[in-house]
Amino acid sequence: MDSTQVDTASRCAPSESEPADRLIVALDLPSVTAALGLVDELQGQCRWFKVGMELYYAAGNNIVTHLRERGFNVFLDLKLHDIPNTVAGAVRSVSSTGASLLTIHAAGGEKMMRAAAEAAARPEAPKLLAVTVLTSMAAPDLAATGVADSPETQVLRLAKLAQNAGIPGLVCSAQEVEAVRQAVGNDALLVVPGVRPAGTQGSDDQARVATAAEAIARGASMLVVGRPITQAPDPSKAAAAILAEIAGA
Ligand code: C5P
């Protein structure tokens, strides 16, 4: 890892990093060509890109290599969720890609997360983030899966489970990030998706949303923003507006 990665991934306390170290642009696009086209449009503004299932299944480790060669930090959002042995193997398989962050699902349980943490205990491995309750889920969606508690209660339960398993970071929504920060302390890397610029009409498929300024003010370490930037008529202008929101928070 280069020094930027080490610094950013280990600095968790809000206010210590520059805005560009706290914005991760989600490259939810179908090909390397489309992804790198967008990356070029954001050149000089953004330092972090997220590679999720759509792009990774289409492009594999190639896209991570391309982004690393251009000097960007990569968040590999694969949301691993399987039995402990399988998840540990997957963590080992992607450890050498050069990604700085990798997600697993906290719902996989403490044993699965502990196995993942052990597999990631090597210098070249990405830092692990446990996804709590997806930001697309509201209380009724959660209830339909058999979880009668509120999203916040379930997020806090999963956050503590992840912390007990030795996972250094969490993904949660801005609605519960303040409570999570209080529960897990300042050392945890708290990454918040479901960010929508102030004044946005609709929230696509996201349910628990907030503005970038709100998420940062409530204790988020880093924000993930996809469509508000990638689908904007002018992605560079959209990214600049979100960076300004982060700076002003
Ligand atoms: O386009 P949008 O800003 O809604 O994209 C949010 C990104 O964050 C997506 O890539 C999605 O996979 C990811 N994500 C999320 N909710 C989580 C974890 C990750 O929306 N809990």
# chains A, B, ... in the order shown; residues from 1 in each chain; ligands from 1

$ residues_near_ligand --ligand "ligand 1" --cutoff "9 Å" --atoms "only C-alpha atoms and all ligand atoms" --output "PyMOL selection string"
chain A and resi 25-28+50-54+77-79+103+131-137+171-173+191-196+203-206+209+223-231

$ write_last_selection --atoms "N, CA and C atoms" --output "CSV table (one decimal), in the first residue's frame"
chain,number,residue,atom,x,y,z
A,25,VAL,N,-16.3,7.2,-4.7
A,25,VAL,CA,-17.2,7.2,-5.8
A,25,VAL,C,-17.5,5.7,-6.2
A,26,ALA,N,-18.8,5.3,-6.1
A,26,ALA,CA,-19.1,3.9,-6.5
A,26,ALA,C,-19.2,3.8,-8.0
A,27,LEU,N,-18.3,3.0,-8.6
A,27,LEU,CA,-18.3,2.7,-10.0
A,27,LEU,C,-19.3,1.6,-10.4
A,28,ASP,N,-20.6,1.8,-10.2
A,28,ASP,CA,-21.5,0.8,-10.5
A,28,ASP,C,-21.8,0.9,-12.0
A,50,LYS,N,-15.0,2.9,-5.6
A,50,LYS,CA,-15.5,1.6,-5.2
A,50,LYS,C,-15.9,0.7,-6.3
A,51,VAL,N,-15.4,-0.5,-6.3
A,51,VAL,CA,-15.7,-1.5,-7.3
A,51,VAL,C,-16.6,-2.5,-6.6
A,52,GLY,N,-17.9,-2.5,-7.1
A,52,GLY,CA,-18.9,-3.4,-6.5
A,52,GLY,C,-19.1,-4.6,-7.4
A,53,MET,N,-20.2,-5.4,-7.2
A,53,MET,CA,-20.4,-6.6,-7.9
A,53,MET,C,-20.6,-6.4,-9.4
A,54,GLU,N,-21.3,-5.4,-9.8
A,54,GLU,CA,-21.5,-5.3,-11.3
A,54,GLU,C,-20.2,-5.2,-12.0
A,77,ASP,N,-16.1,-3.8,-2.9
A,77,ASP,CA,-17.4,-4.0,-2.2
A,77,ASP,C,-18.0,-5.3,-2.7
A,78,LEU,N,-17.5,-6.4,-2.2
A,78,LEU,CA,-18.0,-7.7,-2.7
A,78,LEU,C,-19.0,-8.3,-1.7
A,79,LYS,N,-19.2,-7.7,-0.6
A,79,LYS,CA,-20.2,-8.1,0.4
A,79,LYS,C,-20.2,-9.6,0.6
A,103,THR,N,-15.6,-5.5,1.8
A,103,THR,CA,-16.7,-5.7,2.6
A,103,THR,C,-17.1,-7.2,2.8
A,131,VAL,N,-20.7,-5.0,6.6
A,131,VAL,CA,-22.0,-4.3,6.2
A,131,VAL,C,-23.0,-4.7,7.3
A,132,THR,N,-23.7,-3.7,7.8
A,132,THR,CA,-24.7,-4.0,8.8
A,132,THR,C,-26.1,-4.2,8.1
A,133,VAL,N,-27.0,-3.2,8.2
A,133,VAL,CA,-28.3,-3.3,7.5
A,133,VAL,C,-28.2,-2.5,6.2
A,134,LEU,N,-28.5,-3.1,5.1
A,134,LEU,CA,-28.4,-2.4,3.8
A,134,LEU,C,-29.2,-1.1,3.9
A,135,THR,N,-28.6,0.0,3.3
A,135,THR,CA,-29.3,1.3,3.3
A,135,THR,C,-30.5,1.3,2.5
A,136,SER,N,-30.8,0.3,1.7
A,136,SER,CA,-32.0,0.2,0.9
A,136,SER,C,-33.2,-0.4,1.7
A,137,MET,N,-32.9,-0.8,2.9
A,137,MET,CA,-33.9,-1.4,3.7
A,137,MET,C,-34.5,-0.5,4.8
A,171,VAL,N,-20.1,-0.6,7.7
A,171,VAL,CA,-20.9,0.2,6.8
A,171,VAL,C,-22.3,0.3,7.4
A,172,CYS,N,-22.8,1.5,7.5
A,172,CYS,CA,-24.2,1.7,8.0
A,172,CYS,C,-24.7,3.0,7.4
A,173,SER,N,-26.0,3.3,7.7
A,173,SER,CA,-26.5,4.5,7.1
A,173,SER,C,-26.3,5.7,8.0
A,191,VAL,N,-18.2,3.8,7.3
A,191,VAL,CA,-18.4,4.2,5.9
A,191,VAL,C,-19.9,4.2,5.7
A,192,VAL,N,-20.4,5.3,5.1
A,192,VAL,CA,-21.8,5.6,5.0
A,192,VAL,C,-22.2,5.7,3.5
A,193,PRO,N,-23.0,4.8,3.0
A,193,PRO,CA,-23.7,5.0,1.7
A,193,PRO,C,-25.1,5.6,1.9
A,194,GLY,N,-25.8,5.7,0.8
A,194,GLY,CA,-27.2,6.2,0.9
A,194,GLY,C,-27.1,7.7,1.0
A,195,VAL,N,-26.1,8.3,0.4
A,195,VAL,CA,-25.9,9.8,0.4
A,195,VAL,C,-26.6,10.5,-0.8
A,196,ARG,N,-27.4,11.5,-0.5
A,196,ARG,CA,-28.0,12.2,-1.5
A,196,ARG,C,-27.8,13.7,-1.3
A,203,SER,N,-34.9,9.0,-4.0
A,203,SER,CA,-33.7,8.4,-3.5
A,203,SER,C,-33.4,7.1,-4.2
A,204,ASP,N,-33.9,6.9,-5.4
A,204,ASP,CA,-33.7,5.6,-6.1
A,204,ASP,C,-34.2,4.5,-5.3
A,205,ASP,N,-33.3,3.4,-5.1
A,205,ASP,CA,-33.7,2.3,-4.3
A,205,ASP,C,-33.2,2.4,-2.9
A,206,GLN,N,-32.7,3.5,-2.5
A,206,GLN,CA,-32.2,3.7,-1.1
A,206,GLN,C,-33.3,4.1,-0.2
A,209,VAL,N,-31.6,7.5,3.8
A,209,VAL,CA,-30.7,8.4,3.2
A,209,VAL,C,-30.4,9.7,4.0
A,223,LEU,N,-17.7,8.6,3.0
A,223,LEU,CA,-19.0,8.4,2.3
A,223,LEU,C,-18.9,7.7,1.0
A,224,VAL,N,-19.9,6.9,0.7
A,224,VAL,CA,-20.0,6.3,-0.6
A,224,VAL,C,-21.0,7.0,-1.4
A,225,VAL,N,-20.7,7.4,-2.6
A,225,VAL,CA,-21.7,8.1,-3.5
A,225,VAL,C,-21.6,7.5,-4.9
A,226,GLY,N,-22.7,7.0,-5.3
A,226,GLY,CA,-22.8,6.4,-6.7
A,226,GLY,C,-23.5,7.3,-7.6
A,227,ARG,N,-24.8,7.0,-7.9
A,227,ARG,CA,-25.6,7.6,-8.9
A,227,ARG,C,-25.7,9.2,-8.9
A,228,PRO,N,-25.7,9.8,-7.7
A,228,PRO,CA,-25.7,11.3,-7.7
A,228,PRO,C,-24.5,11.8,-8.4
A,229,ILE,N,-23.4,11.1,-8.6
A,229,ILE,CA,-22.2,11.5,-9.4
A,229,ILE,C,-22.2,10.8,-10.7
A,230,THR,N,-22.3,9.5,-10.7
A,230,THR,CA,-22.1,8.7,-12.0
A,230,THR,C,-23.2,9.0,-13.0
A,231,GLN,N,-24.4,9.3,-12.5
A,231,GLN,CA,-25.5,9.5,-13.5
A,231,GLN,C,-25.8,11.0,-13.7

$ atom_distance --atom1 "CA of Ser17 in chain A" --atom2 "CA of Gln45 in chain A"
14.6 Å

$ closest_residue --among "A:Cys46, A:Val94, A:Gly202, A:Ala107" --to "Lys160 in chain A" --atoms "only C-alpha atoms"
A:Ala107

$ closest_residue --among "A:Pro126, A:Gly89, A:Gly219, A:Gly108" --to "Leu76 in chain A" --atoms "only C-alpha atoms"
A:Pro126

$ select_by_dssp --residues "range 31-170 of chain A" --states "strand (DSSP E)" --output "NGL selection string"
:A and (48-51 or 73-80 or 101-105 or 127-131 or 169-170)

$ write_last_selection --atoms "N, CA and C atoms" --output "PDB file, in the first residue's frame"
ATOM      1  N   TRP A  48     -10.622   8.017  -4.226  1.00  0.00           N
ATOM      2  CA  TRP A  48     -11.145   6.691  -3.878  1.00  0.00           C
ATOM      3  C   TRP A  48     -12.241   6.266  -4.848  1.00  0.00           C
ATOM      4  N   PHE A  49     -12.174   5.017  -5.292  1.00  0.00           N
ATOM      5  CA  PHE A  49     -13.253   4.461  -6.110  1.00  0.00           C
ATOM      6  C   PHE A  49     -13.684   3.119  -5.545  1.00  0.00           C
ATOM      7  N   LYS A  50     -14.995   2.872  -5.638  1.00  0.00           N
ATOM      8  CA  LYS A  50     -15.539   1.600  -5.158  1.00  0.00           C
ATOM      9  C   LYS A  50     -15.873   0.704  -6.341  1.00  0.00           C
ATOM     10  N   VAL A  51     -15.366  -0.521  -6.269  1.00  0.00           N
ATOM     11  CA  VAL A  51     -15.687  -1.531  -7.271  1.00  0.00           C
ATOM     12  C   VAL A  51     -16.638  -2.511  -6.605  1.00  0.00           C
ATOM     13  N   ASN A  73      -7.074   4.782  -4.691  1.00  0.00           N
ATOM     14  CA  ASN A  73      -7.359   3.802  -3.651  1.00  0.00           C
ATOM     15  C   ASN A  73      -8.648   3.071  -4.030  1.00  0.00           C
ATOM     16  N   VAL A  74      -8.680   1.780  -3.763  1.00  0.00           N
ATOM     17  CA  VAL A  74      -9.827   0.973  -4.194  1.00  0.00           C
ATOM     18  C   VAL A  74     -10.543   0.329  -3.010  1.00  0.00           C
ATOM     19  N   PHE A  75     -11.841   0.481  -3.027  1.00  0.00           N
ATOM     20  CA  PHE A  75     -12.738  -0.174  -2.065  1.00  0.00           C
ATOM     21  C   PHE A  75     -13.432  -1.290  -2.840  1.00  0.00           C
ATOM     22  N   LEU A  76     -13.119  -2.526  -2.485  1.00  0.00           N
ATOM     23  CA  LEU A  76     -13.715  -3.689  -3.161  1.00  0.00           C
ATOM     24  C   LEU A  76     -14.959  -4.091  -2.372  1.00  0.00           C
ATOM     25  N   ASP A  77     -16.114  -3.771  -2.933  1.00  0.00           N
ATOM     26  CA  ASP A  77     -17.377  -3.975  -2.205  1.00  0.00           C
ATOM     27  C   ASP A  77     -18.026  -5.272  -2.672  1.00  0.00           C
ATOM     28  N   LEU A  78     -17.483  -6.402  -2.211  1.00  0.00           N
ATOM     29  CA  LEU A  78     -17.988  -7.706  -2.663  1.00  0.00           C
ATOM     30  C   LEU A  78     -19.021  -8.282  -1.698  1.00  0.00           C
ATOM     31  N   LYS A  79     -19.190  -7.669  -0.552  1.00  0.00           N
ATOM     32  CA  LYS A  79     -20.216  -8.089   0.431  1.00  0.00           C
ATOM     33  C   LYS A  79     -20.233  -9.604   0.604  1.00  0.00           C
ATOM     34  N   LEU A  80     -19.095 -10.148   1.031  1.00  0.00           N
ATOM     35  CA  LEU A  80     -18.979 -11.604   1.181  1.00  0.00           C
ATOM     36  C   LEU A  80     -19.914 -12.106   2.280  1.00  0.00           C
ATOM     37  N   LEU A 101      -9.868  -1.613   0.930  1.00  0.00           N
ATOM     38  CA  LEU A 101     -11.025  -1.951   1.752  1.00  0.00           C
ATOM     39  C   LEU A 101     -11.808  -3.079   1.083  1.00  0.00           C
ATOM     40  N   LEU A 102     -12.393  -3.957   1.904  1.00  0.00           N
ATOM     41  CA  LEU A 102     -13.185  -5.080   1.390  1.00  0.00           C
ATOM     42  C   LEU A 102     -14.365  -5.302   2.333  1.00  0.00           C
ATOM     43  N   THR A 103     -15.561  -5.522   1.765  1.00  0.00           N
ATOM     44  CA  THR A 103     -16.738  -5.732   2.626  1.00  0.00           C
ATOM     45  C   THR A 103     -17.100  -7.195   2.780  1.00  0.00           C
ATOM     46  N   ILE A 104     -17.608  -7.498   3.994  1.00  0.00           N
ATOM     47  CA  ILE A 104     -18.251  -8.773   4.279  1.00  0.00           C
ATOM     48  C   ILE A 104     -19.599  -8.425   4.920  1.00  0.00           C
ATOM     49  N   HIS A 105     -20.554  -9.357   4.925  1.00  0.00           N
ATOM     50  CA  HIS A 105     -21.847  -9.097   5.563  1.00  0.00           C
ATOM     51  C   HIS A 105     -21.799  -9.496   7.029  1.00  0.00           C
ATOM     52  N   LYS A 127      -8.345  -3.759   4.440  1.00  0.00           N
ATOM     53  CA  LYS A 127      -9.000  -3.596   5.728  1.00  0.00           C
ATOM     54  C   LYS A 127     -10.457  -4.051   5.554  1.00  0.00           C
ATOM     55  N   LEU A 128     -10.983  -4.804   6.514  1.00  0.00           N
ATOM     56  CA  LEU A 128     -12.348  -5.329   6.355  1.00  0.00           C
ATOM     57  C   LEU A 128     -13.392  -4.389   6.948  1.00  0.00           C
ATOM     58  N   LEU A 129     -14.508  -4.281   6.219  1.00  0.00           N
ATOM     59  CA  LEU A 129     -15.668  -3.524   6.691  1.00  0.00           C
ATOM     60  C   LEU A 129     -16.840  -4.489   6.760  1.00  0.00           C
ATOM     61  N   ALA A 130     -17.571  -4.478   7.860  1.00  0.00           N
ATOM     62  CA  ALA A 130     -18.767  -5.317   7.969  1.00  0.00           C
ATOM     63  C   ALA A 130     -19.997  -4.489   7.615  1.00  0.00           C
ATOM     64  N   VAL A 131     -20.740  -4.961   6.616  1.00  0.00           N
ATOM     65  CA  VAL A 131     -21.982  -4.296   6.226  1.00  0.00           C
ATOM     66  C   VAL A 131     -23.048  -4.681   7.250  1.00  0.00           C
ATOM     67  N   GLY A 169     -13.890  -2.033  10.640  1.00  0.00           N
ATOM     68  CA  GLY A 169     -14.757  -1.000  10.086  1.00  0.00           C
ATOM     69  C   GLY A 169     -16.165  -1.501   9.841  1.00  0.00           C
ATOM     70  N   LEU A 170     -17.085  -0.546   9.637  1.00  0.00           N
ATOM     71  CA  LEU A 170     -18.500  -0.884   9.464  1.00  0.00           C
ATOM     72  C   LEU A 170     -19.108  -0.048   8.355  1.00  0.00           C
TER      73      LEU A 170
END

$ residues_around --residues "Ala217 in chain A" --least-positions-apart "5" --cutoff "9 Å" --atoms "only C-alpha atoms" --output "PyMOL selection string"
chain A and resi 14+178+212+246+249
